[in-house]
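Below is one structure; the comments refer to it alone.
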Amino acid sequence: MATAAPRPVPLPPSLGRAPRVRTAGSGDAAALAELSRPFARSGALRERPDSLYASRAAEFVVAVGSDGRIEGCAGLRVYEGEGSHAGVLYNFCVAGHRQGRGVGGALLRTALALGRTQALGALFTATTGDGRLFRRYGFAPAAARRAPRDWVESLDPRRNALILSRAL
């Protein structure tokens, strides 16, 4: 009776090498704006001026591909006041060709770790989608009154976004 020798099984692209995630710098502002533009056009993200990406680049984490291009990003803004110290994830997006390949998860894990190092009590986000990725990482629907007031007041009610939160 002959037995077959084991052969290595190729990993699917989603299980390949994890993307490199780093903090954005001011030199990344144009790439952040370019990555975000199609999502704003589709209504998935709010339209933001290019100048915002330059002035808030330090709030972003970015996933960088092997070619050095930014493939995903997420902003993490800290809100203090009213007895709370919370963060808000915003402008979370992943290039279409990299969706479903672990980029969003890598960005989210990094944002959660940053939130913990900053001793944030909770992270909030708003999405016009189903929030599936966020829910996989422990986010759940939240009442607007629990979120930072300034952020909630900045949300466009016409977008009918779902507010999600996760305790840290």
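Residues in the structure tokens are named by chain (A, B, ... in the order shown) and by number from 1 within that chain; ligands are numbered from 1 in the order shown.
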Inset, instruction - Taking the chain letters and numbering used in this document, name the residues of segment 11-87 of chain A that DSSP puts in helix (DSSP H, G or I), as a PyMOL selection string. - result: chain A and resi 13-15+26-42+50-55+57-59
Inset, instruction - Find the spatial neighbours of Thr23 of chain A, counting only C-alpha atoms, within a cut-off of 12 Å - ignore same-chain residues fewer than 3 positions away - and output them as number ranges by chain. - result: A: 20, 26-29, 32, 56-64, 70, 72-76, 107, 110-111, 114
Inset, instruction - Write out as an MDAnalysis selection string each polymer residue whose atoms come within 7 Å of Leu123 of chain A, counting only C-alpha atoms; drop sequence neighbours fewer than 4 positions from it. - result: chainID A and resid 86:89 165:167
Quick one: contact table of segment 28-84 of chain A to segment 140-163 of chain A, 10 Å max, nearest atom pair and distance in Å to one decimal per residue, counting only C-alpha atoms, chain and number order, as a tab-separated table?
residue	atom	partner	partner_atom	distance
A:Gly43	CA	A:Arg159	CA	8.3
A:Ala44	CA	A:Arg159	CA	9.2
A:Leu45	CA	A:Arg159	CA	9.6
A:Arg46	CA	A:Asp156	CA	8.7
A:Arg77	CA	A:Trp151	CA	9.6
A:Val78	CA	A:Pro148	CA	9.3
A:Tyr79	CA	A:Pro148	CA	6.5
A:Glu80	CA	A:Pro148	CA	8.0
A:Gly81	CA	A:Pro148	CA	8.1
A:Glu82	CA	A:Pro148	CA	8.6
A:Ser84	CA	A:Pro148	CA	8.1
Inset, instruction - Tell me which protein, DNA and RNA residues are within 10 Å of Ala33 of chain A, counting only C-alpha atoms, leaving out same-chain ones fewer than 2 positions away, and put them as a PyMOL selection string. - result: chain A and resi 28-31+35-38+40+47-54
Legend entry - Straight-line distance linking atom CA of Gly65 of chain A with atom CA of Ala18 of chain A, stated in Å to one decimal: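 That distance, rounded to one decimal, is 9.4 Å.
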Hey, what's within 8 Å of segment 134-136 of chain A if we count only C-alpha atoms and toss same-chain stuff fewer than 3 positions away? As a PDB file with N, CA and C atoms, in the first residue's frame, please?
ATOM      1  N   LEU A 108      -7.737  47.721  12.206  1.00  0.00           N
ATOM      2  CA  LEU A 108      -8.579  47.749  13.396  1.00  0.00           C
ATOM      3  C   LEU A 108      -7.817  47.264  14.627  1.00  0.00           C
ATOM      4  N   GLY A 131     -21.412  47.207   9.239  1.00  0.00           N
ATOM      5  CA  GLY A 131     -20.473  47.184  10.354  1.00  0.00           C
ATOM      6  C   GLY A 131     -19.934  45.804  10.678  1.00  0.00           C
ATOM      7  N   PHE A 139     -17.315  45.414  18.481  1.00  0.00           N
ATOM      8  CA  PHE A 139     -18.139  46.621  18.448  1.00  0.00           C
ATOM      9  C   PHE A 139     -19.607  46.208  18.419  1.00  0.00           C
ATOM     10  N   ALA A 140     -20.444  47.034  19.018  1.00  0.00           N
ATOM     11  CA  ALA A 140     -21.885  46.781  19.049  1.00  0.00           C
ATOM     12  C   ALA A 140     -22.610  48.114  18.883  1.00  0.00           C
ATOM     13  N   LEU A 164     -21.487  52.600  16.385  1.00  0.00           N
ATOM     14  CA  LEU A 164     -21.010  51.395  17.052  1.00  0.00           C
ATOM     15  C   LEU A 164     -19.979  51.790  18.088  1.00  0.00           C
TER      16      LEU A 164
END
Inset, instruction - Please return as a PyMOL selection string: the residues of chain A that backbone DSSP assigns to strand (DSSP E). - result: chain A and resi 20-23+60-64+70-81+84-94+122-127+140-141+162-167
Inset, instruction - Choose the residue, out of A:Gly115, A:Gly129, A:Gly102, A:Gly25, that has the smallest atom-to-atom separation from His85 of chain A; count only C-alpha atoms. - result: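 Closest to His85 of chain A of all the choices is A:Gly115.
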Legend entry - Residue among A:Arg98, A:Gly104, A:Tyr90, A:Ala113 lying closest to Thr125 of chain A, counting only C-alpha atoms: A:Tyr90
Inset, instruction - Mind giving me the straight-line distance from atom CA of Arg116 of chain A to atom CA of Leu168 of chain A in Å, one decimal? - result: 6.3 Å
Inset, instruction - Provide the atom CA of Asn91 of chain A to atom CA of Phe39 of chain A distance in Å, to one decimal place. - result: 9.1 Å
